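One file, input27.cif, carrying mmCIF, C-alpha atoms:
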```cif
data_start
loop_
_atom_site.label_atom_id
_atom_site.label_comp_id
_atom_site.auth_asym_id
_atom_site.auth_seq_id
_atom_site.Cartn_x
_atom_site.Cartn_y
_atom_site.Cartn_z
CA MET A 71 0.00 0.00 0.00
CA MET A 72 1.23 3.46 -0.85
CA ASN A 73 2.78 5.62 1.82
CA PRO A 74 0.38 8.54 2.29
CA ARG A 75 3.23 10.97 3.01
CA PHE A 76 6.43 11.66 1.11
CA SER A 77 8.75 14.59 1.73
CA ASN A 78 8.32 16.09 -1.74
CA ARG A 79 4.55 16.33 -1.48
CA SER A 80 2.74 19.41 -0.25
CA ALA A 81 0.26 19.39 2.62
CA THR A 82 -2.57 19.53 0.08
CA ILE A 83 -1.38 16.43 -1.78
CA ASN A 84 -0.87 14.63 1.53
CA VAL A 85 -4.46 15.41 2.53
CA MET A 86 -5.78 14.12 -0.80
CA THR A 87 -3.59 11.01 -0.66
CA ALA A 88 -4.64 10.11 2.88
CA ALA A 89 -8.33 10.40 1.94
CA ILE A 90 -7.84 8.21 -1.13
CA GLN A 91 -5.87 5.65 0.84
CA LYS A 92 -8.66 5.27 3.39
CA ALA A 93 -11.33 4.95 0.69
CA SER A 94 -9.25 2.48 -1.32
CA ARG A 95 -9.06 -0.14 1.47
CA ALA A 96 -12.81 -0.72 1.44
CA LEU A 97 -12.99 -0.49 -2.35
CA VAL A 98 -10.39 -3.22 -2.82
CA ARG A 99 -12.28 -5.44 -0.36
CA ASP A 100 -15.49 -4.75 -2.25
CA PHE A 101 -13.77 -5.63 -5.51
CA GLY A 102 -12.90 -9.02 -4.08
CA GLU A 103 -16.54 -9.53 -3.22
CA VAL A 104 -17.64 -8.53 -6.72
CA GLU A 105 -15.42 -11.25 -8.17
CA HIS A 106 -17.21 -13.82 -5.99
CA LEU A 107 -20.63 -12.39 -6.88
CA GLN A 108 -19.90 -12.93 -10.58
CA VAL A 109 -20.73 -16.60 -9.99
CA SER A 110 -24.06 -16.09 -8.23
CA LYS A 111 -25.19 -13.12 -10.38
CA LYS A 112 -27.09 -11.77 -7.37
CA GLY A 113 -27.33 -8.05 -6.75
CA LEU A 114 -24.20 -7.01 -8.63
CA GLY A 115 -25.56 -3.62 -9.67
CA ASP A 116 -26.75 -2.78 -6.16
CA PHE A 117 -23.50 -4.02 -4.64
CA VAL A 118 -21.33 -1.84 -6.88
CA SER A 119 -23.60 1.15 -6.29
CA SER A 120 -23.13 0.69 -2.54
CA ALA A 121 -19.35 0.42 -2.97
CA ASP A 122 -19.38 3.65 -4.98
CA HIS A 123 -21.36 5.49 -2.30
CA ARG A 124 -19.20 4.16 0.54
CA SER A 125 -16.06 5.32 -1.20
CA GLU A 126 -17.49 8.79 -1.86
CA LYS A 127 -18.70 9.13 1.74
CA THR A 128 -15.22 8.31 3.03
CA LEU A 129 -13.56 10.79 0.68
CA ILE A 130 -15.93 13.60 1.67
CA GLN A 131 -15.53 12.89 5.38
CA GLU A 132 -11.74 12.82 5.24
CA LEU A 133 -11.36 15.86 3.00
CA ARG A 134 -13.84 17.83 5.08
CA LYS A 135 -11.86 17.09 8.25
CA ALA A 136 -8.76 18.63 6.72
CA ARG A 137 -10.38 21.49 4.78
CA PRO A 138 -13.81 22.11 6.37
CA ASP A 139 -14.62 25.20 4.28
CA TYR A 140 -14.10 23.65 0.85
CA GLY A 141 -17.06 22.61 -1.29
CA PHE A 142 -17.47 19.49 -3.44
CA ILE A 143 -18.45 18.39 -6.91
CA ALA A 144 -19.02 14.65 -6.57
CA GLU A 145 -20.34 12.00 -8.94
CA GLU A 146 -22.91 10.62 -6.50
CA SER A 147 -23.65 13.59 -4.23
CA GLY A 148 -23.59 16.36 -6.83
CA VAL A 149 -22.61 19.92 -5.88
CA ILE A 150 -22.06 20.58 -2.16
CA PRO A 151 -21.33 24.29 -1.56
CA GLY A 152 -18.65 25.28 0.93
CA ALA A 153 -18.01 28.40 2.99
CA ASP A 154 -14.90 29.04 0.87
CA PRO A 155 -16.23 30.16 -2.54
CA GLU A 156 -12.86 29.72 -4.28
CA HIS A 157 -11.89 26.13 -3.44
CA CYS A 158 -13.79 23.00 -4.43
CA TRP A 159 -12.92 19.30 -4.37
CA ILE A 160 -13.90 17.33 -7.47
CA ILE A 161 -14.16 13.62 -6.70
CA ASP A 162 -14.92 10.39 -8.48
CA PRO A 163 -15.06 7.57 -5.93
CA LEU A 164 -14.92 4.84 -8.59
CA ASP A 165 -13.88 5.68 -12.14
CA GLY A 166 -14.29 2.54 -14.22
CA THR A 167 -17.47 1.25 -12.60
CA THR A 168 -18.27 -1.14 -15.46
CA ASN A 169 -14.80 -2.70 -15.18
CA PHE A 170 -15.33 -3.04 -11.42
CA LEU A 171 -18.76 -4.59 -11.98
CA HIS A 172 -17.27 -7.27 -14.26
CA GLY A 173 -14.30 -8.06 -12.03
CA ILE A 174 -11.81 -6.33 -14.36
CA PRO A 175 -8.95 -4.86 -12.25
CA HIS A 176 -8.75 -1.48 -13.97
CA PHE A 177 -10.39 1.37 -12.07
CA ALA A 178 -9.38 4.39 -10.01
CA ILE A 179 -10.27 6.79 -7.22
CA VAL A 180 -9.93 10.42 -8.25
CA VAL A 181 -9.66 13.68 -6.30
CA ALA A 182 -8.88 17.08 -7.84
CA LEU A 183 -8.80 20.51 -6.24
CA LYS A 184 -10.24 23.46 -8.15
CA LYS A 185 -9.49 27.07 -7.27
CA GLY A 186 -11.76 29.42 -9.15
CA ASN A 187 -11.94 27.99 -12.65
CA GLU A 188 -8.60 26.22 -12.50
CA ILE A 189 -7.43 22.79 -11.31
CA ILE A 190 -4.45 23.33 -9.00
CA ALA A 191 -3.86 19.83 -7.57
CA SER A 192 -4.84 16.32 -8.58
CA THR A 193 -4.59 12.70 -7.48
CA THR A 194 -5.60 9.55 -9.37
CA TYR A 195 -5.08 6.25 -7.60
CA ASP A 196 -5.13 2.77 -9.12
CA PRO A 197 -5.46 0.58 -6.02
CA ILE A 198 -4.84 -2.69 -7.85
CA ARG A 199 -1.45 -1.60 -9.24
CA ASP A 200 -0.80 0.66 -6.23
CA GLU A 201 -0.02 3.57 -8.56
CA LEU A 202 -0.74 7.07 -7.31
CA PHE A 203 -0.59 9.70 -10.05
CA TRP A 204 -0.40 13.21 -8.64
CA SER A 205 0.37 16.74 -9.72
CA GLU A 206 0.25 20.34 -8.62
CA LYS A 207 0.19 23.44 -10.77
CA GLY A 208 3.73 24.46 -11.63
CA LYS A 209 5.33 21.52 -9.82
CA GLY A 210 5.20 18.67 -12.33
CA SER A 211 3.50 15.27 -12.40
CA PHE A 212 4.48 12.09 -10.60
CA VAL A 213 3.56 8.44 -10.16
CA ASN A 214 4.28 7.52 -6.56
CA GLN A 215 7.71 9.21 -6.08
CA GLN A 216 8.82 9.17 -9.73
CA ARG A 217 8.59 12.23 -12.00
CA ILE A 218 6.71 11.46 -15.22
CA ARG A 219 6.62 12.99 -18.70
CA VAL A 220 4.47 12.50 -21.77
CA SER A 221 5.94 10.40 -24.57
CA GLY A 222 8.34 11.81 -27.12
CA ARG A 223 6.83 10.07 -30.13
CA THR A 224 6.46 12.30 -33.16
CA ALA A 225 4.97 9.99 -35.80
CA LEU A 226 1.23 9.32 -35.95
CA ASP A 227 1.82 5.78 -37.23
CA GLU A 228 3.64 4.99 -33.96
CA ALA A 229 0.98 6.51 -31.71
CA LEU A 230 -1.19 4.53 -29.31
CA VAL A 231 -4.44 6.41 -28.69
CA ALA A 232 -6.87 5.83 -25.81
CA THR A 233 -10.53 6.77 -26.07
CA GLY A 234 -14.02 6.15 -24.74
CA ILE A 235 -16.67 4.56 -26.95
CA PRO A 236 -20.28 5.77 -26.73
CA PHE A 237 -22.68 3.20 -25.25
CA GLY A 238 -26.40 3.01 -24.57
CA ASN A 239 -27.85 6.50 -24.89
CA HIS A 240 -24.54 8.19 -24.07
CA GLY A 241 -22.48 10.16 -26.53
CA ASP A 242 -22.60 11.02 -30.21
CA LYS A 243 -22.14 7.66 -31.91
CA PRO A 244 -22.04 8.93 -35.53
CA ARG A 245 -19.37 11.51 -34.65
CA PHE A 246 -17.28 8.96 -32.77
CA LEU A 247 -17.48 6.42 -35.58
CA ALA A 248 -16.49 9.07 -38.14
CA CYS A 249 -13.52 10.15 -35.99
CA ALA A 250 -12.42 6.57 -35.40
CA ASP A 251 -12.75 5.75 -39.09
CA ARG A 252 -10.44 8.64 -39.99
CA LEU A 253 -7.96 7.97 -37.18
CA MET A 254 -7.58 4.19 -37.25
CA PRO A 255 -5.63 3.96 -40.53
CA LEU A 256 -3.16 6.59 -39.29
CA VAL A 257 -2.13 5.30 -35.83
CA SER A 258 -0.61 2.12 -34.42
CA GLY A 259 -3.68 1.37 -32.29
CA ILE A 260 -6.75 2.67 -30.49
CA ARG A 261 -7.60 1.37 -27.01
CA ARG A 262 -10.77 1.57 -24.92
CA PHE A 263 -9.66 0.76 -21.36
CA GLY A 264 -12.82 1.93 -19.58
CA ALA A 265 -11.49 4.46 -17.05
CA ALA A 266 -10.95 7.98 -18.39
CA ALA A 267 -8.91 9.13 -15.40
CA LEU A 268 -6.39 6.34 -16.00
CA ASP A 269 -6.37 7.04 -19.75
CA LEU A 270 -5.20 10.57 -18.97
CA ALA A 271 -2.70 9.31 -16.38
CA TYR A 272 -1.29 6.96 -19.01
CA VAL A 273 -0.87 9.86 -21.44
CA ALA A 274 0.92 11.80 -18.68
CA MET A 275 3.46 9.00 -18.19
CA GLY A 276 3.83 8.01 -21.84
CA ARG A 277 2.05 4.66 -21.80
CA CYS A 278 -0.37 6.15 -24.31
CA ASP A 279 0.43 8.99 -26.67
CA ALA A 280 -3.02 10.57 -26.76
CA TYR A 281 -6.54 10.31 -25.39
CA PHE A 282 -9.76 11.78 -26.74
CA GLU A 283 -13.40 11.63 -25.72
CA ASP A 284 -16.57 13.69 -25.91
CA ASP A 285 -19.52 13.69 -23.50
CA ILE A 286 -17.32 13.03 -20.46
CA LYS A 287 -17.97 14.29 -16.92
CA ILE A 288 -15.87 16.80 -15.01
CA TRP A 289 -14.95 14.31 -12.27
CA ASP A 290 -13.57 11.89 -14.87
CA VAL A 291 -11.11 14.35 -16.40
CA ALA A 292 -10.37 17.17 -13.93
CA ALA A 293 -7.41 15.42 -12.32
CA GLY A 294 -6.05 14.04 -15.57
CA ILE A 295 -6.05 17.37 -17.37
CA LEU A 296 -3.60 18.79 -14.82
CA LEU A 297 -1.54 15.58 -14.86
CA VAL A 298 -1.02 15.80 -18.62
CA LYS A 299 -0.27 19.53 -18.62
CA GLU A 300 2.26 19.23 -15.80
CA ALA A 301 3.85 16.26 -17.58
CA GLY A 302 4.57 18.45 -20.61
CA GLY A 303 1.51 17.55 -22.68
CA TYR A 304 -1.17 19.63 -24.32
CA VAL A 305 -4.91 19.46 -23.59
CA THR A 306 -7.84 21.00 -25.46
CA GLU A 307 -11.36 20.10 -26.46
CA THR A 308 -11.62 17.81 -29.47
CA ASN A 309 -12.49 20.89 -31.57
CA GLY A 310 -9.49 22.83 -30.24
CA GLY A 311 -11.37 24.85 -27.61
CA SER A 312 -10.21 25.37 -24.02
CA ASN A 313 -13.40 24.78 -22.02
CA MET A 314 -12.72 21.12 -21.20
CA LEU A 315 -14.12 21.14 -17.68
CA ASN A 316 -17.52 22.39 -18.79
CA SER A 317 -17.90 20.98 -22.30
CA GLY A 318 -17.10 17.35 -21.55
CA SER A 319 -14.79 17.23 -24.57
CA VAL A 320 -11.08 16.39 -24.18
CA LEU A 321 -8.09 15.74 -26.40
CA ALA A 322 -4.84 15.18 -24.52
CA ALA A 323 -1.56 14.35 -26.23
CA ASN A 324 2.13 15.13 -26.33
CA THR A 325 3.03 18.37 -28.04
CA TYR A 326 4.09 16.65 -31.29
CA LEU A 327 0.92 14.64 -31.83
CA HIS A 328 -1.78 16.94 -30.49
CA GLU A 329 -2.12 19.09 -33.62
CA PRO A 330 -2.21 16.24 -36.19
CA ILE A 331 -4.75 14.30 -34.12
CA LEU A 332 -6.82 17.47 -33.63
CA LYS A 333 -6.91 17.94 -37.39
CA VAL A 334 -8.17 14.39 -37.87
CA LEU A 335 -10.86 14.72 -35.17
CA SER A 336 -12.12 18.11 -36.35
CA ALA A 337 -12.18 17.26 -40.07
CA LYS A 338 -15.60 17.33 -41.71
#
```

Show this structure as structure tokens.
Amino acid sequence: MMNPRFSNRSATINVMTAAIQKASRALVRDFGEVEHLQVSKKGLGDFVSSADHRSEKTLIQELRKARPDYGFIAEESGVIPGADPEHCWIIDPLDGTTNFLHGIPHFAIVVALKKGNEIIASTTYDPIRDELFWSEKGKGSFVNQQRIRVSGRTALDEALVATGIPFGNHGDKPRFLACADRLMPLVSGIRRFGAAALDLAYVAMGRCDAYFEDDIKIWDVAAGILLVKEAGGYVTETNGGSNMLNSGSVLAANTYLHEPILKVLSAK
């Protein structure tokens, strides 16, 4: 299990890390139970929903102890105003719920701190791999204690691109299919891992060269946007705009590949 405190982390990152660590213990136990429930097929949806709520409750309790005046934007609880109008925690207690539901060990707990309209600190924790991705504005991005950077690949045909695929009634399927059809012949591969926060973390550390998605929620991408920027990458909307937190549209990539991928995605 990760050490919640390292000397090179600020007090803010230590607060976020400690809250995530406490929430992750129960979530990992719940994940073990989900794997057993796969056999019986009883109450999986309700079980995962309960795990999600328990994780969020723990995060809110722990963050509130440390910063009682800060508000929240949370996946399950919605907007919770705080006495401090400037600072707001953005939390996703379980990013990758469908993976969790199916016993796939790829999900994360996410906490970001917003000041005004800007993300100033972020943490994304993969409890199965024990990888804590964290960043602060102007201070770089890290996984555990190691500094990370986006990849240095310059050729589209070498690029590995992560994305989210529309499902059910979510997303613009025709637009996604058109974008994928244009992009697939140009890159080395497209991956749909199922946890947007980890997709962005993987771009930040160079495991993937780019990530794009539309119709995504603020708690899925707030932490990752800062991670990629502080790791030397570039983040915009998929049409080139800069309103990622509100539009639900994100394209993150290294500085070499962002523009050519943006051209492909925004082509008519």

Item to check | Expansion of the PyMOL selection byres ((chain A and resi 173-178) around 8) into residues, as an MDAnalysis selection string | outcome: chainID A and resid 101 104:105 108 163:167 169:172 179:180 194:198 263:265 267:268

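The gap separating atom CA of A:Glu228 from atom CA of A:Tyr326 is 12.0 Å, in Å to one decimal.
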
Next on the checklist: Restricting the calculation to only C-alpha atoms: of A:Gly241, A:Pro236, A:Gly210, A:Gly311, which residue gets closest to A:Met275?
Outcome noted: A:Gly210

Expansion of the PyMOL selection byres ((chain A and resi 334) around 10) into residues, as an mmCIF file with C-alpha atoms, in the frame of the given file:
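Saved the output as expr-v3.cif:
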```
data_model
loop_
_atom_site.group_PDB
_atom_site.id
_atom_site.type_symbol
_atom_site.label_atom_id
_atom_site.label_comp_id
_atom_site.auth_asym_id
_atom_site.auth_seq_id
_atom_site.Cartn_x
_atom_site.Cartn_y
_atom_site.Cartn_z
ATOM 1 C CA ALA A 248 -16.490 9.070 -38.140
ATOM 2 C CA CYS A 249 -13.520 10.150 -35.990
ATOM 3 C CA ALA A 250 -12.420 6.570 -35.400
ATOM 4 C CA ASP A 251 -12.750 5.750 -39.090
ATOM 5 C CA ARG A 252 -10.440 8.640 -39.990
ATOM 6 C CA LEU A 253 -7.960 7.970 -37.180
ATOM 7 C CA LEU A 256 -3.160 6.590 -39.290
ATOM 8 C CA THR A 308 -11.620 17.810 -29.470
ATOM 9 C CA GLU A 329 -2.120 19.090 -33.620
ATOM 10 C CA PRO A 330 -2.210 16.240 -36.190
ATOM 11 C CA ILE A 331 -4.750 14.300 -34.120
ATOM 12 C CA LEU A 332 -6.820 17.470 -33.630
ATOM 13 C CA LYS A 333 -6.910 17.940 -37.390
ATOM 14 C CA LEU A 335 -10.860 14.720 -35.170
ATOM 15 C CA SER A 336 -12.120 18.110 -36.350
ATOM 16 C CA ALA A 337 -12.180 17.260 -40.070
ATOM 17 C CA LYS A 338 -15.600 17.330 -41.710
#
```

Next on the checklist: Would you pick out the contacts of stretch 220-227 of chain A at 6 Å or less, using only C-alpha atoms, so that residues sharing its chain but fewer than 4 positions from it are not included, and give the list as a list in words?
Outcome noted: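 So, after excluding close chain neighbours, the residues are Leu256, Val257, Ser258, Val273, Ala274, Met275, Gly276, Ala301, Gly303, Asn324 and Tyr326 of chain A.
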
Next on the checklist: If I take atom CA of A:Ile130 and atom CA of A:Ala144, how far is one from the other in Å, to one decimal?
Outcome noted: 8.9 Å

Checklist entry - Which one of A:Ala271, A:Arg261, A:Pro255, A:Ala232 sits closest to A:Leu321 if you count only C-alpha atoms? => result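 For A:Leu321, the nearest of the candidates is A:Ala232.
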
Item to check | A:Asp154 environment, 12 Å, all atoms listed in the file, sequence neighbours closer than 5 positions dropped, as a ChimeraX atom specification | outcome: /A:137-142,159,184-186

Checklist entry - How many Å lie between atom CA of A:Ala293 and atom CA of A:Gly102, rounded to one decimal? => result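 Distance reported for this atom pair: 26.4 Å.
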
Item to check | Hits of the PyMOL selection byres ((chain A and resi 192) around 6) in this structure, as a PyMOL selection string | outcome: chain A and resi 181-182+191+193+204-205+293

Next on the checklist: Using only C-alpha atoms, which protein or nucleic acid residues come within 6 Å of A:Ala280? Drop anything in the same chain fewer than 5 positions from it, and give the result as a VMD selection string.
Outcome noted: chain A and resid 231 273 322 to 323

Next on the checklist: Would you pick out the contacts of A:Ala89 at 9 Å or less, using all atoms listed in the file, so that residues sharing its chain but fewer than 3 positions from it are not included, and give the list as a list in words?
Outcome noted: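 Listing them by chain and then by number gives Pro74, Asn84, Val85, Met86, Lys92, Ala93, Ser94, Thr128, Leu129, Ile130, Gln131, Glu132, Leu133 and Val181 of chain A.
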
Convert the current residue selection to file output with C-alpha atoms, as a JSON list (two decimals), keeping the file's coordinate frame.
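New file again_17.json:
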```json
[["chain", "number", "residue", "atom", "x", "y", "z"],
["A", 74, "PRO", "CA", 0.38, 8.54, 2.29],
["A", 84, "ASN", "CA", -0.87, 14.63, 1.53],
["A", 85, "VAL", "CA", -4.46, 15.41, 2.53],
["A", 86, "MET", "CA", -5.78, 14.12, -0.80],
["A", 92, "LYS", "CA", -8.66, 5.27, 3.39],
["A", 93, "ALA", "CA", -11.33, 4.95, 0.69],
["A", 94, "SER", "CA", -9.25, 2.48, -1.32],
["A", 128, "THR", "CA", -15.22, 8.31, 3.03],
["A", 129, "LEU", "CA", -13.56, 10.79, 0.68],
["A", 130, "ILE", "CA", -15.93, 13.60, 1.67],
["A", 131, "GLN", "CA", -15.53, 12.89, 5.38],
["A", 132, "GLU", "CA", -11.74, 12.82, 5.24],
["A", 133, "LEU", "CA", -11.36, 15.86, 3.00],
["A", 181, "VAL", "CA", -9.66, 13.68, -6.30]]
```
